[in-house]
file work.txt (compact mmCIF, C-alpha atoms and all ligand atoms)
# COMPACT_ATOMS: atom_id res chain seq x y z
CA MET A 1 14.32 -25.94 14.60
CA ARG A 2 11.48 -24.37 12.64
CA VAL A 3 9.72 -21.13 13.48
CA LEU A 4 5.98 -21.71 13.76
CA THR A 5 5.02 -18.21 12.67
CA SER A 6 6.72 -18.64 9.30
CA PHE A 7 3.91 -20.83 8.06
CA ASN A 8 0.35 -20.36 6.89
CA LEU A 9 -2.42 -22.82 7.72
CA THR A 10 -1.92 -25.08 4.71
CA GLU A 11 1.83 -25.32 5.16
CA LEU A 12 1.49 -26.05 8.83
CA ARG A 13 -1.11 -28.75 8.19
CA ASP A 14 1.32 -30.46 5.85
CA ILE A 15 4.15 -30.28 8.37
CA PHE A 16 1.91 -31.57 11.15
CA LYS A 17 0.85 -34.41 8.89
CA GLU A 18 4.46 -35.39 8.34
CA LEU A 19 4.91 -35.39 12.09
CA GLY A 20 1.91 -37.67 12.47
CA LEU A 21 -0.39 -35.06 14.01
CA GLU A 22 -4.07 -34.95 13.05
CA PRO A 23 -5.10 -31.94 10.91
CA TYR A 24 -7.28 -30.44 13.68
CA ARG A 25 -4.21 -30.12 15.89
CA THR A 26 -3.04 -27.32 13.59
CA GLY A 27 -6.04 -25.22 14.55
CA GLN A 28 -5.48 -25.90 18.23
CA VAL A 29 -1.86 -24.83 18.12
CA LEU A 30 -2.59 -21.74 16.01
CA ASP A 31 -5.27 -20.78 18.49
CA TRP A 32 -2.77 -20.89 21.34
CA VAL A 33 -0.23 -18.85 19.43
CA TYR A 34 -2.42 -16.21 17.79
CA LYS A 35 -5.37 -15.93 20.16
CA LYS A 36 -3.85 -16.68 23.54
CA PHE A 37 -0.31 -15.50 22.78
CA GLU A 38 1.14 -18.64 24.31
CA THR A 39 4.78 -19.25 23.46
CA ASP A 40 5.51 -22.42 25.38
CA PHE A 41 4.20 -25.65 23.87
CA GLN A 42 4.23 -27.22 27.36
CA ASN A 43 1.36 -24.88 28.32
CA MET A 44 -0.86 -25.97 25.43
CA THR A 45 -3.04 -28.07 27.68
CA ASN A 46 -5.42 -29.50 25.11
CA LEU A 47 -2.51 -31.41 23.56
CA SER A 48 -1.13 -34.61 24.96
CA LYS A 49 2.20 -34.54 26.77
CA THR A 50 3.81 -36.46 23.92
CA HIS A 51 2.57 -33.99 21.35
CA ARG A 52 3.70 -31.06 23.46
CA SER A 53 7.20 -32.47 23.72
CA MET A 54 7.32 -33.31 20.06
CA LEU A 55 6.27 -29.79 19.09
CA SER A 56 8.84 -28.25 21.44
CA GLU A 57 11.52 -30.32 19.76
CA HIS A 58 10.58 -29.25 16.25
CA PHE A 59 9.34 -25.69 16.65
CA LYS A 60 9.82 -22.43 18.39
CA VAL A 61 7.28 -19.63 18.38
CA HIS A 62 9.42 -16.49 18.46
CA THR A 63 12.63 -15.46 16.78
CA LEU A 64 12.95 -11.87 17.98
CA GLU A 65 14.25 -10.85 21.35
CA LEU A 66 12.88 -7.73 23.02
CA VAL A 67 15.85 -5.66 24.07
CA SER A 68 14.37 -2.34 25.02
CA LYS A 69 11.16 -0.39 25.40
CA VAL A 70 11.06 3.36 25.21
CA PRO A 71 7.79 4.88 26.36
CA ALA A 72 6.61 8.32 25.26
CA GLU A 73 3.40 10.21 25.84
CA ASP A 74 1.40 8.64 23.06
CA SER A 75 3.53 5.71 21.91
CA VAL A 76 5.95 3.05 23.01
CA LYS A 77 8.90 2.08 20.89
CA TYR A 78 9.99 -1.53 21.04
CA ILE A 79 13.50 -2.45 20.00
CA PHE A 80 14.02 -6.06 19.00
CA ARG A 81 17.13 -8.02 18.18
CA THR A 82 17.05 -10.56 15.36
CA GLU A 83 18.83 -13.87 15.75
CA ASP A 84 21.67 -12.64 13.56
CA GLY A 85 22.11 -9.54 15.70
CA HIS A 86 20.29 -6.77 13.82
CA LEU A 87 18.21 -4.30 15.73
CA ILE A 88 14.79 -3.37 14.40
CA GLU A 89 11.95 -1.46 15.83
CA THR A 90 8.22 -1.36 16.13
CA VAL A 91 6.10 1.46 17.45
CA LEU A 92 2.86 0.98 19.37
CA ILE A 93 0.76 4.09 18.96
CA PHE A 94 -2.07 5.04 21.29
CA GLU A 95 -4.72 6.62 19.10
CA ARG A 96 -7.84 8.20 20.56
CA ASP A 97 -9.86 5.00 20.65
CA HIS A 98 -7.59 2.22 19.44
CA LEU A 99 -4.05 0.93 19.20
CA THR A 100 -2.02 1.00 16.02
CA LEU A 101 1.18 -0.91 15.45
CA CYS A 102 3.80 0.43 13.08
CA VAL A 103 5.90 -2.51 11.91
CA SER A 104 9.22 -2.75 10.09
CA SER A 105 9.61 -4.85 6.96
CA GLN A 106 13.37 -4.63 6.36
CA VAL A 107 16.55 -3.87 8.27
CA GLY A 108 17.44 -0.55 6.69
CA CYS A 109 16.16 0.35 3.24
CA ALA A 110 17.62 0.46 -0.26
CA VAL A 111 15.37 3.20 -1.58
CA GLY A 112 17.58 6.01 -0.34
CA CYS A 113 15.15 8.89 0.24
CA LYS A 114 17.15 11.97 1.16
CA PHE A 115 14.92 12.92 4.10
CA CYS A 116 14.74 9.50 5.75
CA ALA A 117 16.97 8.23 8.54
CA THR A 118 16.35 4.57 7.67
CA ALA A 119 17.96 5.16 4.27
CA LYS A 120 21.30 6.00 5.91
CA ASP A 121 22.01 2.36 6.67
CA GLY A 122 21.23 1.13 3.17
CA LEU A 123 19.50 -2.23 3.01
CA LEU A 124 21.00 -4.71 5.45
CA ARG A 125 18.44 -7.42 4.76
CA ASN A 126 14.78 -8.27 4.37
CA LEU A 127 12.84 -9.35 7.43
CA THR A 128 11.27 -12.78 7.35
CA THR A 129 7.56 -13.40 7.75
CA SER A 130 8.05 -14.61 11.31
CA GLU A 131 10.09 -11.54 12.21
CA ILE A 132 7.23 -9.37 11.01
CA ILE A 133 4.61 -11.44 12.85
CA ASP A 134 6.76 -11.51 15.96
CA GLN A 135 6.68 -7.72 16.16
CA TYR A 136 2.92 -7.99 16.46
CA LEU A 137 2.78 -10.94 18.85
CA LEU A 138 5.40 -9.70 21.27
CA VAL A 139 3.83 -6.25 21.52
CA GLN A 140 0.25 -7.49 21.63
CA LYS A 141 1.11 -9.88 24.41
CA GLU A 142 1.62 -6.98 26.77
CA ALA A 143 -0.47 -4.23 25.17
CA PRO A 144 -3.37 -2.88 27.27
CA ASN A 145 -5.94 -3.57 24.52
CA ARG A 146 -6.18 -5.37 21.27
CA ILE A 147 -4.14 -3.85 18.47
CA ARG A 148 -6.58 -3.32 15.63
CA ASN A 149 -4.50 -1.47 13.08
CA VAL A 150 -1.20 -2.43 11.55
CA VAL A 151 0.74 -0.06 9.33
CA PHE A 152 3.82 -1.08 7.38
CA MET A 153 5.44 2.29 7.95
CA GLY A 154 8.42 1.33 10.07
CA MET A 155 11.87 0.58 8.72
CA GLY A 156 12.03 -0.55 5.12
CA GLU A 157 10.12 -0.65 1.86
CA PRO A 158 7.45 -3.33 2.29
CA LEU A 159 6.87 -3.88 -1.42
CA ALA A 160 10.57 -4.60 -1.92
CA ASN A 161 10.06 -7.57 0.41
CA TYR A 162 6.82 -8.65 -1.21
CA GLU A 163 6.71 -12.39 -0.48
CA ALA A 164 7.55 -12.18 3.22
CA VAL A 165 5.22 -9.21 3.72
CA ARG A 166 2.44 -10.97 1.85
CA LYS A 167 2.60 -14.05 4.02
CA ALA A 168 2.73 -11.92 7.16
CA VAL A 169 -0.38 -10.12 5.92
CA GLU A 170 -2.07 -13.47 5.28
CA ILE A 171 -1.38 -14.49 8.89
CA MET A 172 -2.58 -11.11 10.13
CA VAL A 173 -5.94 -11.13 8.34
CA SER A 174 -6.87 -14.82 8.48
CA SER A 175 -9.42 -16.10 10.97
CA TRP A 176 -6.98 -18.86 12.01
CA GLY A 177 -4.31 -16.24 12.59
CA ILE A 178 -4.36 -12.78 14.13
CA ASP A 179 -7.74 -12.10 12.52
CA LEU A 180 -7.44 -8.39 11.79
CA SER A 181 -9.73 -6.71 9.32
CA LYS A 182 -8.13 -6.33 5.89
CA ARG A 183 -9.21 -2.73 5.95
CA ARG A 184 -7.07 -2.12 9.00
CA VAL A 185 -3.79 -3.18 7.51
CA SER A 186 -1.93 -0.49 5.56
CA ILE A 187 1.00 -0.85 3.24
CA SER A 188 3.02 2.29 2.69
CA THR A 189 5.29 2.32 -0.33
CA SER A 190 7.71 4.74 -1.91
CA GLY A 191 5.99 3.93 -5.19
CA LEU A 192 7.46 0.81 -6.79
CA VAL A 193 5.31 0.72 -9.90
CA ALA A 194 5.73 -2.96 -10.80
CA GLN A 195 5.01 -3.98 -7.22
CA ILE A 196 1.93 -1.76 -7.01
CA ARG A 197 0.67 -3.44 -10.15
CA ARG A 198 1.46 -6.83 -8.65
CA MET A 199 -0.50 -5.87 -5.55
CA ALA A 200 -3.43 -4.81 -7.74
CA GLN A 201 -3.59 -8.33 -9.20
CA ASP A 202 -3.26 -10.05 -5.86
CA PRO A 203 -6.58 -11.07 -4.28
CA LEU A 204 -5.19 -10.66 -0.77
CA MET A 205 -3.03 -7.58 -1.14
CA LYS A 206 -5.48 -5.54 -3.18
CA GLU A 207 -7.87 -5.50 -0.23
CA LEU A 208 -5.42 -3.66 2.04
CA ASN A 209 -5.06 0.06 2.51
CA LEU A 210 -2.54 1.38 0.09
CA ALA A 211 -0.52 4.46 0.99
CA VAL A 212 2.00 5.93 -1.41
CA SER A 213 4.70 8.40 -0.46
CA ILE A 214 4.45 11.11 -3.08
CA ASN A 215 6.38 13.88 -1.33
CA ALA A 216 6.70 16.17 -4.34
CA PRO A 217 4.36 17.68 -6.93
CA SER A 218 6.74 17.26 -9.85
CA GLN A 219 8.97 14.58 -11.26
CA ALA A 220 12.03 16.85 -11.08
CA LEU A 221 11.71 17.60 -7.37
CA ARG A 222 10.69 14.05 -6.56
CA GLU A 223 13.84 12.72 -8.20
CA THR A 224 16.01 14.87 -5.97
CA LEU A 225 14.21 13.78 -2.80
CA MET A 226 13.59 10.18 -3.80
CA PRO A 227 16.21 8.91 -6.27
CA ILE A 228 14.05 5.83 -6.90
CA SER A 229 11.78 8.18 -8.82
CA LYS A 230 14.19 8.06 -11.75
CA THR A 231 13.06 4.54 -12.50
CA ASN A 232 9.58 4.78 -10.99
CA ASN A 233 8.39 8.11 -12.25
CA LEU A 234 5.51 10.12 -10.90
CA GLU A 235 3.36 9.76 -13.99
CA GLU A 236 3.71 5.96 -14.01
CA ILE A 237 2.96 5.78 -10.31
CA LEU A 238 -0.20 7.86 -10.69
CA GLN A 239 -1.28 5.74 -13.64
CA ALA A 240 -0.82 2.53 -11.61
CA LEU A 241 -2.81 4.08 -8.76
CA ILE A 242 -5.62 5.28 -10.99
CA GLU A 243 -5.92 1.73 -12.29
CA PHE A 244 -5.74 0.18 -8.81
CA PRO A 245 -8.93 -1.88 -8.42
CA TYR A 246 -10.52 -0.23 -5.40
CA PRO A 247 -14.30 0.04 -5.17
CA PRO A 248 -15.51 3.62 -5.78
CA ASP A 249 -15.79 4.43 -2.07
CA ARG A 250 -12.19 3.53 -1.25
CA ARG A 251 -9.33 5.95 -1.53
CA ILE A 252 -5.62 5.50 -1.86
CA MET A 253 -3.65 7.61 0.55
CA LEU A 254 -1.00 9.89 -0.84
CA GLU A 255 1.55 10.73 1.81
CA TYR A 256 3.38 14.01 1.56
CA VAL A 257 6.16 14.81 4.01
CA LEU A 258 6.34 18.59 4.30
CA ILE A 259 9.93 19.82 4.46
CA LYS A 260 10.67 23.48 5.08
CA ASP A 261 11.58 25.45 1.95
CA LEU A 262 11.82 22.32 -0.14
CA ASN A 263 8.35 21.11 -1.00
CA ASP A 264 6.08 23.15 1.26
CA SER A 265 5.26 26.35 -0.66
CA PRO A 266 1.69 27.31 -1.61
CA LYS A 267 2.80 27.12 -5.24
CA GLN A 268 3.87 23.51 -4.76
CA ALA A 269 0.57 22.82 -3.01
CA GLN A 270 -1.18 24.16 -6.06
CA ALA A 271 0.92 22.04 -8.39
CA LEU A 272 0.07 18.96 -6.32
CA ALA A 273 -3.61 19.90 -6.31
CA LYS A 274 -3.64 20.29 -10.09
CA LEU A 275 -1.89 16.96 -10.51
CA ILE A 276 -4.43 14.97 -8.55
CA ALA A 277 -7.62 17.02 -8.81
CA PRO A 278 -8.83 15.10 -11.87
CA TYR A 279 -8.79 11.93 -9.76
CA ARG A 280 -9.79 13.43 -6.44
CA ARG A 281 -12.27 10.68 -5.69
CA LYS A 282 -9.49 8.11 -5.88
CA PHE A 283 -7.19 9.81 -3.39
CA LYS A 284 -6.86 11.38 -0.01
CA VAL A 285 -3.77 13.26 1.02
CA ASN A 286 -1.94 12.91 4.31
CA LEU A 287 0.41 15.76 5.09
CA ILE A 288 3.23 14.74 7.43
CA PRO A 289 5.23 17.62 8.90
CA TYR A 290 8.87 16.55 8.67
CA ASN A 291 10.41 14.96 11.75
CA PRO A 292 13.85 16.47 12.02
CA ASP A 293 16.78 14.14 12.39
CA PRO A 294 20.25 15.01 13.67
CA SER A 295 21.88 13.38 10.65
CA ILE A 296 19.82 15.22 8.01
CA PRO A 297 19.89 18.98 7.35
CA PHE A 298 16.13 19.34 6.71
CA GLU A 299 13.63 21.21 8.86
CA ARG A 300 9.99 21.03 9.74
CA PRO A 301 7.85 23.91 8.43
CA SER A 302 5.79 26.05 10.78
CA MET A 303 2.27 24.80 11.52
CA GLU A 304 0.89 27.89 9.71
CA GLY A 305 2.75 26.73 6.64
CA VAL A 306 1.28 23.25 7.02
CA TYR A 307 -2.26 24.59 7.36
CA ALA A 308 -1.76 26.89 4.38
CA PHE A 309 -0.65 23.91 2.28
CA GLN A 310 -3.70 21.96 3.38
CA GLU A 311 -5.96 24.89 2.58
CA VAL A 312 -4.80 25.00 -1.04
CA LEU A 313 -5.58 21.30 -1.50
CA ARG A 314 -8.94 21.68 0.16
CA LYS A 315 -9.84 24.49 -2.25
CA TYR A 316 -9.54 21.88 -4.96
CA ASN A 317 -11.86 19.60 -2.98
CA ILE A 318 -9.12 17.12 -2.21
CA SER A 319 -9.57 15.37 1.16
CA THR A 320 -6.48 16.39 3.06
CA PHE A 321 -5.42 15.49 6.56
CA ILE A 322 -2.45 16.42 8.69
CA ARG A 323 -0.65 13.62 10.44
CA LEU A 324 1.50 14.63 13.32
CA SER A 325 3.76 11.63 13.81
CA LYS A 326 3.59 10.11 17.21
CA GLY A 327 6.66 9.18 19.13
CA ILE A 328 8.87 12.00 17.91
CA GLU A 329 10.67 12.33 21.21
CA VAL A 330 11.75 8.68 21.22
CA PHE A 331 12.92 8.73 17.60
CA GLY A 332 10.14 6.32 16.85
CA ALA A 333 8.41 8.52 14.34
CA CYS A 334 8.33 7.93 10.60
CA GLY A 335 11.72 8.23 9.02
CA GLN A 336 13.59 8.17 12.29
CA LEU A 337 13.93 4.44 12.56
CA ARG A 338 17.51 3.58 12.08
CA SER A 339 19.33 0.44 13.00
CA LYS A 340 22.65 2.12 13.79
CA ARG A 341 21.01 4.52 16.18
CA LEU A 342 19.16 1.72 17.92
CA GLU A 343 22.52 0.19 18.74
CA LEU A 344 23.43 3.32 20.65
CA MET A 345 20.15 3.29 22.52
CA VAL A 346 20.45 -0.23 23.85
CA LYS A 347 24.11 -0.06 24.77
N1 LIG A 401 9.19 2.76 2.86
C1 LIG A 401 7.82 3.05 2.96
C2 LIG A 401 7.26 2.93 4.36
C3 LIG A 401 8.13 3.43 5.49
S1 LIG A 401 8.40 5.18 5.53
C4 LIG A 401 7.52 4.42 2.40
O1 LIG A 401 8.46 5.17 2.11
O2 LIG A 401 6.36 4.74 2.20
C5 LIG A 401 6.82 5.74 6.09
C6 LIG A 401 6.53 7.20 5.78
O3 LIG A 401 7.40 8.05 6.53
C7 LIG A 401 6.70 7.59 4.33
O4 LIG A 401 5.56 8.29 3.88
C8 LIG A 401 7.90 8.51 4.36
O5 LIG A 401 7.81 9.46 3.31
C9 LIG A 401 7.77 9.14 5.72
N2 LIG A 401 8.99 9.71 6.27
C10 LIG A 401 10.26 9.29 6.09
N3 LIG A 401 11.12 10.07 6.78
C11 LIG A 401 10.37 11.00 7.42
C12 LIG A 401 10.65 12.05 8.31
N4 LIG A 401 11.89 12.32 8.70
N5 LIG A 401 9.63 12.78 8.78
C13 LIG A 401 8.37 12.51 8.43
N6 LIG A 401 8.03 11.51 7.61
C14 LIG A 401 9.02 10.76 7.11
FE1 LIG A 402 12.92 3.62 2.54
FE2 LIG A 402 10.50 4.68 3.05
FE3 LIG A 402 12.72 5.70 4.16
FE4 LIG A 402 12.31 6.03 1.58
S1 LIG A 402 11.03 6.84 3.24
S2 LIG A 402 14.24 5.40 2.51
S3 LIG A 402 11.33 4.10 1.06
S4 LIG A 402 11.87 3.68 4.53

call {"tool": "encode", "arguments": {"input": "work.txt", "output": "structure tokens", "more": "lines below"}}
Ligand code: SAH
Ligand code: SF4
result
Amino acid sequence: MRVLTSFNLTELRDIFKELGLEPYRTGQVLDWVYKKFETDFQNMTNLSKTHRSMLSEHFKVHTLELVSKVPAEDSVKYIFRTEDGHLIETVLIFERDHLTLCVSSQVGCAVGCKFCATAKDGLLRNLTTSEIIDQYLLVQKEAPNRIRNVVFMGMGEPLANYEAVRKAVEIMVSSWGIDLSKRRVSISTSGLVAQIRRMAQDPLMKELNLAVSINAPSQALRETLMPISKTNNLEEILQALIEFPYPPDRRIMLEYVLIKDLNDSPKQAQALAKLIAPYRRKFKVNLIPYNPDPSIPFERPSMEGVYAFQEVLRKYNISTFIRLSKGIEVFGACGQLRSKRLELMVK
């Protein structure tokens, strides 16, 4: 049985053709799935009974199973089980005037950042396109409003799963699919230089919001926090970002997780400011106070420390924002998504 949400419009048209369905049927079915969130072909009433039965025989709409929902004040964490038994999670975040969905792109992550809980599992596997799309569909189906923003900031390194993520993005931003604005889909990466350059050449991917986890003002410190930096060094990352083909009014987001006594001193703020000041119009900085995790010996700095860090960057006229991760109390915040722990929560 095939999963309908693995395919884009062209692929699905071809499959429908093989099944003897007229091309316009593709649009009808996609409309049911992506606009009406229908999962049962038998309810697709503008198709004949024969077509409905045929589609039910060949396709299913979802592959993930919702196993648990953990509500918090400003977010809900959804835990899903994949068909091969992995647990992944997605966080619905209630922003002031809209909903944002934080999706996972892999089970675990191979990048191995020292501060991140997801890294503890290593990479178990990539998610498929339909598993990524399913996170959206299953949450949207019961969300109070339309989800307008999607951020690839859940479990995994999205650019290490480029093909599956790309097709999921295509489904998300196409008018025949979920129909989100390209400017409301964000890819957050630990800074895979070759993949950033690939994204820059890609007509679809270069339109998205790009966020890069910088986390240190120097190559030496970055290497200790993010071992991947040894092969994707800070200078090369910045060069790839400077060359990224955004129009002049668009900025790449640099994410900086502030960890107490590690990368949060005013001196380090100044070093970061000096590093990016020459390109300040290309970047904005998002400071993320560290979300502590029981399995990692790092701490969150005081809010005064966070504001002081921001102040230094602002003195250099660098747009700098503080992001307090939502969902901390349900372990749904950035860097707290961990497959092994999810197992404990659903048992
Ligand atoms: N792999 C991608 C996207 C997922 S991580 C990436 O690294 O960018 C999303 C963000 O959460 C990254 O900016 C990462 O630096 C940050 N993060 C990881 N662990 C964190 C933690 N414990 N507290 C706060 N932010 C964390
Ligand atoms: Fe992977 Fe991102 Fe966590 Fe680093 S911060 S281990 S890249 S999920």

call {"tool": "atom_distance", "arguments": {"input": "work.txt", "atom1": "atom CA of Pro227 of chain A", "atom2": "atom CA of Cys113 of chain A"}}
result
6.6 Å

call {"tool": "residues_around", "arguments": {"input": "work.txt", "residues": "Arg81 of chain A", "least_positions_apart": "4", "cutoff": "6 Å", "atoms": "all atoms listed in the file", "output": "CSV table (one decimal) with C-alpha atoms, in the frame of the given file"}}
result
chain,number,residue,atom,x,y,z
A,64,LEU,CA,13.0,-11.9,18.0
A,65,GLU,CA,14.2,-10.8,21.4
A,85,GLY,CA,22.1,-9.5,15.7
A,86,HIS,CA,20.3,-6.8,13.8
A,87,LEU,CA,18.2,-4.3,15.7

call {"tool": "atom_distance", "arguments": {"input": "work.txt", "atom1": "atom CA of Pro297 of chain A", "atom2": "atom CA of Ile276 of chain A"}}
result
29.3 Å

call {"tool": "closest_residue", "arguments": {"input": "work.txt", "among": "A:Ser56, A:Asn126, A:Gln140, A:Thr10", "to": "Ile88 of chain A", "atoms": "all atoms listed in the file"}}
result
A:Asn126

call {"tool": "residues_near_ligand", "arguments": {"input": "work.txt", "ligand": "ligand LIG 401 (chain A)", "cutoff": "8 Å", "atoms": "all atoms listed in the file", "output": "JSON, numbers by chain"}}
result
{"A": [104, 109, 111, 113, 115, 116, 117, 118, 152, 153, 154, 155, 156, 157, 158, 187, 188, 189, 190, 191, 211, 212, 213, 214, 215, 255, 256, 257, 258, 288, 289, 290, 291, 292, 293, 325, 333, 334, 335, 336]}

call {"tool": "decode", "arguments": {"input": "work.txt", "residues": "segment 279-291 of chain A", "atoms": "N, CA and C atoms", "output": "PDB file, in the first residue's frame"}}
result
ATOM      1  N   TYR A 279      28.513  42.378   8.304  1.00  0.00           N
ATOM      2  CA  TYR A 279      27.410  41.891   7.453  1.00  0.00           C
ATOM      3  C   TYR A 279      26.083  42.068   8.170  1.00  0.00           C
ATOM      4  N   ARG A 280      25.976  43.087   8.999  1.00  0.00           N
ATOM      5  CA  ARG A 280      24.805  43.146   9.883  1.00  0.00           C
ATOM      6  C   ARG A 280      23.482  43.188   9.127  1.00  0.00           C
ATOM      7  N   ARG A 281      23.512  43.686   7.914  1.00  0.00           N
ATOM      8  CA  ARG A 281      22.246  43.743   7.169  1.00  0.00           C
ATOM      9  C   ARG A 281      21.803  42.374   6.651  1.00  0.00           C
ATOM     10  N   LYS A 282      22.699  41.443   6.680  1.00  0.00           N
ATOM     11  CA  LYS A 282      22.374  40.076   6.215  1.00  0.00           C
ATOM     12  C   LYS A 282      21.771  39.217   7.317  1.00  0.00           C
ATOM     13  N   PHE A 283      22.011  39.623   8.576  1.00  0.00           N
ATOM     14  CA  PHE A 283      21.694  38.727   9.690  1.00  0.00           C
ATOM     15  C   PHE A 283      20.807  39.355  10.753  1.00  0.00           C
ATOM     16  N   LYS A 284      20.058  38.499  11.432  1.00  0.00           N
ATOM     17  CA  LYS A 284      19.520  38.881  12.729  1.00  0.00           C
ATOM     18  C   LYS A 284      19.900  37.768  13.694  1.00  0.00           C
ATOM     19  N   VAL A 285      19.970  38.096  14.949  1.00  0.00           N
ATOM     20  CA  VAL A 285      20.433  37.106  15.923  1.00  0.00           C
ATOM     21  C   VAL A 285      19.290  36.755  16.873  1.00  0.00           C
ATOM     22  N   ASN A 286      19.118  35.478  17.089  1.00  0.00           N
ATOM     23  CA  ASN A 286      18.121  35.008  18.048  1.00  0.00           C
ATOM     24  C   ASN A 286      18.852  34.371  19.213  1.00  0.00           C
ATOM     25  N   LEU A 287      18.713  34.955  20.374  1.00  0.00           N
ATOM     26  CA  LEU A 287      19.362  34.392  21.558  1.00  0.00           C
ATOM     27  C   LEU A 287      18.378  33.438  22.234  1.00  0.00           C
ATOM     28  N   ILE A 288      18.819  32.215  22.470  1.00  0.00           N
ATOM     29  CA  ILE A 288      17.944  31.208  23.086  1.00  0.00           C
ATOM     30  C   ILE A 288      18.537  30.812  24.438  1.00  0.00           C
ATOM     31  N   PRO A 289      17.963  31.287  25.539  1.00  0.00           N
ATOM     32  CA  PRO A 289      18.490  30.837  26.834  1.00  0.00           C
ATOM     33  C   PRO A 289      18.376  29.314  26.926  1.00  0.00           C
ATOM     34  N   TYR A 290      19.447  28.676  27.335  1.00  0.00           N
ATOM     35  CA  TYR A 290      19.538  27.219  27.350  1.00  0.00           C
ATOM     36  C   TYR A 290      18.405  26.569  28.146  1.00  0.00           C
ATOM     37  N   ASN A 291      17.816  25.544  27.577  1.00  0.00           N
ATOM     38  CA  ASN A 291      16.820  24.745  28.302  1.00  0.00           C
ATOM     39  C   ASN A 291      17.532  23.593  28.968  1.00  0.00           C
TER      40      ASN A 291
END
